[in-house]
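The structure appears below as structure tokens.
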Amino acid sequence: MGSQGGFGQSKEFLDLVKSIGEARSKSEEDRIILGEIETLKRRIVEPDIPKRKMKEYIIRLVYVEMLGHDASFGYIHAVKMTHDDSLLLKRTGYLAVTLFLNEDHDLIILIVNTIQKDLRSDNYLVVCAALNAVCRLINEETIPAVLPQVVELLGHAKEAVRKKAIMALHRFYQKSPASVLHLISNFRKTLCDKDPGVMGATLCPLFDLVTVDVKSHKDLVISFISILKQVAEKRLPKSYEYHQMPAPFIQIKLLKILALLGSGDKQASEQMYTVLGDIFKKSDTLINIGNAVLYECICCVSCIYPNPKLLDTAADAISKFLKSDHNLKYMGIDALGRLIKISPDIAEQHQLAVIDCLEDPDDTLKRKTFELLYKMTKSSNVEVIVNRMIDYMISINDNHYKTEIASRCVELAEQFAPSNHWFIQTMNKVFEHAGDLVNIKVAHNLMRLIAEGFGEDDDNADSQLRSSAVESYLRIIAEPKLPSVFLQVICWVLGEYGTADGKYSASYITGKLCDVAEAYSNDETVKAYAITALMKLYAYEIAAGRKVDILPECQSLIEELSASHSTDLQQRAYELQALIGLDARAVETVMPSDASCEDIEIDKSLSFLNHYVQESVEKGAQPYIPESERTGMLNTSSFRNEDHHEASMHGLRFEAYDLPKPVVPSKSPVTYTPSTELVPVPEPSYSREVHTSTAVPSISSSGSTELKLRLDGVQKKWGRPNYSSGSTSTSESSSQKTVNGVAQTESVSTSTSRAQATSSFDLKKPQVEISPEKQRLAASLFGGPSKTDKRPTSSSHKVVKSSSHTTERPPAAKPVDASEKSTPVQPPPDLLDLGEPTVTSSAPLIDPFKQLEGLLDQGENVSVPNHGAVNATKPPEIMSLYVEIAASGQSGGVVNPIPTNGDDLLSGLSGGSIKTAAPGGAAGSPSLSKGPSLKDSLEKDALVRQMGVTPTSQNPNLFKDLLG
Amino acid sequence: MIKAVMVMNTQGKPRLAKFYDYEPVEKQQELIRSVFAALSSRAENVSNFVEADAIFGLDSRLVYKHYATLYFVFVFDSSENELAMLDLIQVFVETLDKCFKNVCELDIVFNYGKMQTILDEIVFGGQVLETSSAEVMKVVEEISSWKLPQMLSHLFPKLFLIGGAGSHYLPDCEEVKTNANSAFPFSYESVRVQL
């Protein structure tokens with residue numbers, strides 16, 4: 001407890017802190033603080049308060065406000081304190097005002113003067129305090145008041161002041177770029193400051209400037225590279241080293257800038273390659289900050305014009321990240337997502353690590369992994385990925401993220417859906433669980449897709465799609481609490497296609513619709529959709545010549561709505577009633593079946609009235625004079641129109657907005673069209689469409705306007721249904737994966753044995769649980785791409801690789817293989833071509849996956865006791881066997897069934913796959929024996945980090961909470 | 001840019017809340033609460049990162065570190081590096097530890113002003129200013145020891161201007177300018193010699 005005595009706080013403050021610490025509830029805490037506020041209010045106005053006491057009061061005010069209470073009564077005292085001569089009091093004053101006031105506060109004007117004075121102070125600490133306040137308190141209006149002085153400080157003797165002056169300028173730039181635009185050249189000058197710290201500070205504003213405008217800073221590429229080189233070569237003073245890394249924060253900033261400058265610029269990028277390679281080599285991967293630089297390097301490499309060698313190095317670095325702790329895994333996944341844009345194959349190498357991350361308890365890591373999956377989605381793996389995303393979406397409560405993931409699901413489904421049926425199912429799930437969170441446009445899109453089909457001429461497929469949609473909706477509709485948006489879709493589809501295939505009777509569907517309208521009686525939009533759907537269903541019935549019997553609940557619904565407060569609902573109800581009274585032919589014209597995609601023709605000139613007009617004119621009526629020609633005439637007749645025009649001119653309307661109206665001949669229908677362009681399926685269009693037709697039954701064909709679904713600009717992303725890919729063919733896809741696995745093992749084997757050791761340590765636990773399911777998941781996620789996707793070159797390349805393996809195989813492994821000859825050795829090329837039916841027939845011979853699982857279980861039993869000893873007969877055999885089978889492309893993702901040490905084995909295997917079988921086992925055991933020491937050091941490191949202080953200081957009572 | 005720095009204890013009581021863009025008091029409280037809710041729901045032995053878009057708006061990341069009874073939280077945008085921010089927290093805590101000799105939560109509560117001073121020397125206007133805890137300590141000590149010279153300067157203003165702690169060496173302004181215009185590449189090795 002001795003510490004606080006020395007800092008001069010009064011007993012009162014001590015007691016306050018103590019009692020707040022001991023407060024049991026929020027209300028108790030509030031009570032204490034309110035008491036404190038009363039005390040402070042009283043004390044602070046007392047005359048002749050000693051300065052020291054005043055300082056404490058100000059700090060107590062800050063404390064009170066930090067706990068969420070208003071301390072505005074004391075602001076003025078804080079402002080006064082900034083005038084004080086004593087540095088400590090001045091600083092306290094500045095501190096308080098920067099925490100209390102926003103830049104638009106009235107009191108700021110009182111401070112600006114003080115700041116101006118302090119910026120001129122001889123004492124550089126006062127200047128620094130003022131600069132600190134400048135950053136927070138100066139707004140666009142007050143920038144000119146201090147700008148000249150801040151610029152002057154760029155030439156200050158103290159580097160600390162120069163540094164802060166640059167940062168203050170940067171802040172001005174952030175707040176109002178225009179105010180300091182003429183000073184940008186200053187940043188270039190300070191970049192050459194003799195103090196590296198000042199140079200480093202300059203990088204921040206330059207980063208912002210480059211972000212905004214890359215082109216005009218291209219000339220600085222050489223300078224940045226030169227600085228980075230000097231920094232990396234440790235040519236900075238020792239004091240700039242942090243954990244033996246030369247100025248890592250400067251390196252990071254420089255790498256970020258270079259990434260921007262080199263993006264898409266081959267020439268600039270080529271200049272960077274050398275220094276980037278150097279940094280890759282020099283970064284210390286054992287310390288956090290070293291990895292930070294490394295990560296930034298990967299980002300840079302993935303941004304600039306690609307260089308194969310650097311990309312390889314980056315990939316190696318990523319694989320190390322993925323085998324480390326959670327933080328580095330997170331960075332690794334992030335980096336993978338960046339690199340994947342350039343070299344899509346890289347994800348395959350890390351498939352298991354990615355899947356581990358996906359199942360990690362750490363939510364942050366999980367989300368990052370979903371982001372990665374989102375980036376690598378293809379038509380071959382979309383089903384697995386989207387299903388995973390939806391499962392996760394259902395499991396979380398965070399609406400923000402739910403919305404994001406739902407919109408991603410929708411996006412992926414729209415882009416890559418393998419089949420219509422799947423698409424509908426997926427959308428149903430998304431709507432069901434996140435319907436209120438997704439954009440209404442998504443619903444409109446879905447309706448349009450169902451209406452239009454998928455851009456093919458196959459009507460059969462379209463109607464199948466619709467029937468399946470109807471069926472799924474009828475199933476879902478009974479569930480409680482469906483989101484409004486989803487209900488709208490359901491009502492629309494049921495109205496449009498509910499009876500189309502004849503499977504369900506109109507009365508069944510109308511009954512369901514009435515239930516919906518009743519259950520969601522607060523939702524007018526849903527009710528409007530429901531009643532329009534009812535109208536369509538009745539219309540189709542009448543048109544088909546069937547007798548319509550309106551269910552009693554429908555009847556009561558219609559009656560209820562025709563007395564509704566909503567004019568829209570009322571109108572719909574009346575229209576429905578009017579429609580039922582018409583004869584079949586009229587109804588058919590008004591409401592043609594399945595015509596939502598047809599254009600509706602509107603006779604804008606109303607030519608069908610010509611006859612009537614002519615008659616009237618002949619009878620002596622005044623001819624119609626168009627508005628434009630009516631000069632000097634009384635304005636009353638055009639009052640409405642003028643009013644309307646004025647309103648649109650000024651942008652303000654004081655009268656109520658128009659409700660959907662019948663087409664009045666004197667008004668041109670042009671006023672409607674804009675609204676139809678905004679929304680693809682606006683519900684008013686129905687009422688209008690009905691209206692025009694009911695009012696004007698004989699539509700003439702001249703001057704048509706599109707009033708319904710807007711079809712242009714809609715992406716036709718839909719290919720033919722593709723059932724051949726994905727999880728349906730597990731054995732195929734998994735075997736495919738192994739072919740990739742061989743390609744993978746090769747590259748893994750190049751990584752150092754140290755990395756293998758680390759990985760074996762880190763992965764030991766998760767590896768135990770790796771199940772065949774995970775394997776399959778991996779296969780469907782990663783294995784897919786090369787099989788179905790249009791990358792014939794890469795897949796054929798792999799075929800060559802794996803087949804060459806088979807031929808290169810040393811004879812030593814052969815006999816073992818012979819014992820397992822029953823495993824069908826299928827030529828790899830066939831396997832890759834999964835679309836072909838021939839594979840399906842050949843694959844089921846024996847499930848190689850199962851077989852190997854059993855085999856490896858056995859292997860495990862043997863190898864576990866043998867791990868310590870250098871017994872190598874049995875495991876290598878198994879491994880060689882594995883290699884053999886894997887290479888021949890038959891096993892289904894066998895890498896993981898080994899429960900103890902999969903990664904170890906993997907690395908062992910990779911060794912074996914290149915040379916003979918024996919090194920495989922040898923490679924496995926050393927990495928294990930290395931384990932403990934590495935583990936120790938890692939633990940030690942973790943401990944040190946946990947302690948949060950330098951390892952030397954022993955701190956048993958570190959941060960002991962004295963407050964309980 | 002760093003958007004906010006927070007220190008709170010494991011019961012969610014704020015010990016320090018610094019927002020580099022102004023937030024009204026109520027909003028600050030709300031942010032502190034949501035951050036605490038996010039942190040307290042996290043298991044041990046997971047990563048130190050939290051996606052903070054939902055709390056702080058688009059392009060926000062959050063890095064935290066848990067020491068004994070305290071959470072140290074930095075919120076920043078994509079112009080910073082997560083791992084580097086983690087180290088910055090470390091710098092902050094190390095400096096506090098040096099300053100208070102085995103820092104504990106109580107030190108932080110009672111020395112609010114000093115903690116702010118330390119933070120201001122590490123993060124300035126939302127940008128990283130200094131990453132060496134030794135350098136930060138130097139400045140902080142200079143500020144707190146200023147009381148005496150300050151009084152002296154009142155008594156003997158002339159004397160103080162010449163040889164005070166604040167004014168070591170005043171290079172010619174011209175020298176600075178010419179240096180600024182000099183062409184690349186340049187070396188930092190010489191800087192030391194000059195001084």
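Labels for the structure tokens follow display order: chains A, B, ..., residues from 1 in each chain, ligands from 1.
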Legend entry - Sel. of helix (DSSP H, G or I) residues, stretch 456-558 of chain A, as a ChimeraX atom specification: /A:459-476,484-497,506-519,524-543,552-558
Inset, instruction - Write out as number ranges by chain the residues lying within 9 Å of stretch 95-111 of chain A, counting only C-alpha atoms and excluding same-chain residues fewer than 6 positions away. - result: A: 58-59, 61-62, 65, 71-72, 75-76, 78-80, 82-83, 129, 132-139, 142; B: 17-19, 21-25, 113, 116-117
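Residues in contact with A:Gln555 at up to 12 Å, not including ones fewer than 4 positions away on its chain and judged by only C-alpha atoms, are Thr510, Gly511, Cys514, Ile531, Leu534, Met535, Val548, Asp549, Ile550, Leu551, Glu559, Glu560, Leu561, Ser562, Ala573, Leu576, Gln577 and Ile580 of chain A.
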Keeping only N, CA, C and O atoms, write the selected residues as an mmCIF file, in the first residue's frame.
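Below is the file out-v8.cif, written as the result:
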data_model
loop_
_atom_site.group_PDB
_atom_site.id
_atom_site.type_symbol
_atom_site.label_atom_id
_atom_site.label_comp_id
_atom_site.auth_asym_id
_atom_site.auth_seq_id
_atom_site.Cartn_x
_atom_site.Cartn_y
_atom_site.Cartn_z
ATOM 1 N N THR A 510 -54.735 -20.669 -50.473
ATOM 2 C CA THR A 510 -55.334 -19.436 -49.955
ATOM 3 C C THR A 510 -55.510 -19.532 -48.447
ATOM 4 O O THR A 510 -55.323 -18.546 -47.726
ATOM 5 N N GLY A 511 -55.839 -20.715 -47.976
ATOM 6 C CA GLY A 511 -55.949 -20.903 -46.528
ATOM 7 C C GLY A 511 -54.653 -20.567 -45.827
ATOM 8 O O GLY A 511 -54.612 -19.844 -44.826
ATOM 9 N N CYS A 514 -54.023 -16.874 -45.780
ATOM 10 C CA CYS A 514 -54.825 -16.194 -44.771
ATOM 11 C C CYS A 514 -54.215 -16.376 -43.389
ATOM 12 O O CYS A 514 -54.175 -15.446 -42.578
ATOM 13 N N ILE A 531 -52.519 -10.485 -49.696
ATOM 14 C CA ILE A 531 -53.802 -10.275 -50.374
ATOM 15 C C ILE A 531 -53.600 -10.212 -51.889
ATOM 16 O O ILE A 531 -54.437 -10.693 -52.661
ATOM 17 N N LEU A 534 -53.505 -13.682 -52.919
ATOM 18 C CA LEU A 534 -54.864 -14.224 -52.966
ATOM 19 C C LEU A 534 -55.543 -13.848 -54.281
ATOM 20 O O LEU A 534 -56.152 -14.685 -54.948
ATOM 21 N N MET A 535 -55.380 -12.568 -54.626
ATOM 22 C CA MET A 535 -56.016 -12.097 -55.847
ATOM 23 C C MET A 535 -55.533 -12.888 -57.051
ATOM 24 O O MET A 535 -56.313 -13.291 -57.910
ATOM 25 N N VAL A 548 -64.801 -20.528 -58.078
ATOM 26 C CA VAL A 548 -64.010 -20.062 -56.936
ATOM 27 C C VAL A 548 -64.853 -20.104 -55.688
ATOM 28 O O VAL A 548 -65.914 -19.488 -55.626
ATOM 29 N N ASP A 549 -64.411 -20.897 -54.724
ATOM 30 C CA ASP A 549 -65.116 -20.759 -53.460
ATOM 31 C C ASP A 549 -64.173 -20.139 -52.446
ATOM 32 O O ASP A 549 -63.122 -20.687 -52.115
ATOM 33 N N ILE A 550 -64.527 -18.991 -52.019
ATOM 34 C CA ILE A 550 -63.688 -18.249 -51.095
ATOM 35 C C ILE A 550 -63.914 -18.772 -49.699
ATOM 36 O O ILE A 550 -65.048 -18.851 -49.225
ATOM 37 N N LEU A 551 -62.813 -19.170 -49.083
ATOM 38 C CA LEU A 551 -62.912 -19.697 -47.727
ATOM 39 C C LEU A 551 -63.443 -18.611 -46.800
ATOM 40 O O LEU A 551 -63.180 -17.421 -47.016
ATOM 41 N N GLU A 559 -62.674 -8.581 -46.006
ATOM 42 C CA GLU A 559 -63.534 -7.555 -45.414
ATOM 43 C C GLU A 559 -62.763 -6.687 -44.421
ATOM 44 O O GLU A 559 -62.901 -5.476 -44.386
ATOM 45 N N GLU A 560 -61.931 -7.378 -43.662
ATOM 46 C CA GLU A 560 -61.149 -6.630 -42.672
ATOM 47 C C GLU A 560 -60.243 -5.614 -43.372
ATOM 48 O O GLU A 560 -60.128 -4.464 -42.961
ATOM 49 N N LEU A 561 -59.633 -6.072 -44.441
ATOM 50 C CA LEU A 561 -58.678 -5.190 -45.116
ATOM 51 C C LEU A 561 -59.370 -4.061 -45.867
ATOM 52 O O LEU A 561 -58.821 -2.979 -46.013
ATOM 53 N N SER A 562 -60.583 -4.329 -46.346
ATOM 54 C CA SER A 562 -61.246 -3.257 -47.083
ATOM 55 C C SER A 562 -61.672 -2.143 -46.122
ATOM 56 O O SER A 562 -62.034 -1.051 -46.544
ATOM 57 N N ALA A 573 -57.773 -4.716 -51.335
ATOM 58 C CA ALA A 573 -58.952 -5.505 -50.996
ATOM 59 C C ALA A 573 -60.093 -5.209 -51.972
ATOM 60 O O ALA A 573 -60.754 -6.126 -52.477
ATOM 61 N N LEU A 576 -59.468 -6.713 -55.323
ATOM 62 C CA LEU A 576 -59.715 -8.146 -55.292
ATOM 63 C C LEU A 576 -61.218 -8.428 -55.443
ATOM 64 O O LEU A 576 -61.639 -9.284 -56.228
ATOM 65 N N GLN A 577 -61.999 -7.665 -54.686
ATOM 66 C CA GLN A 577 -63.442 -7.882 -54.757
ATOM 67 C C GLN A 577 -63.969 -7.600 -56.157
ATOM 68 O O GLN A 577 -64.807 -8.338 -56.685
ATOM 69 N N ILE A 580 -63.079 -10.469 -58.624
ATOM 70 C CA ILE A 580 -63.840 -11.711 -58.498
ATOM 71 C C ILE A 580 -65.160 -11.621 -59.258
ATOM 72 O O ILE A 580 -65.651 -12.611 -59.794
#
Inset, instruction - DSSP on the backbone, then: every residue of stretch 37-129 of chain B marked strand (DSSP E), written as a ChimeraX atom specification. - result: /B:49-51,61-67,70-76,123-124,127-128
Inset, instruction - Find, counting only C-alpha atoms, the residue in A:Asp118, A:Glu383, A:Asp398, A:Glu598 that gets nearest to chain B. - result: A:Asp398
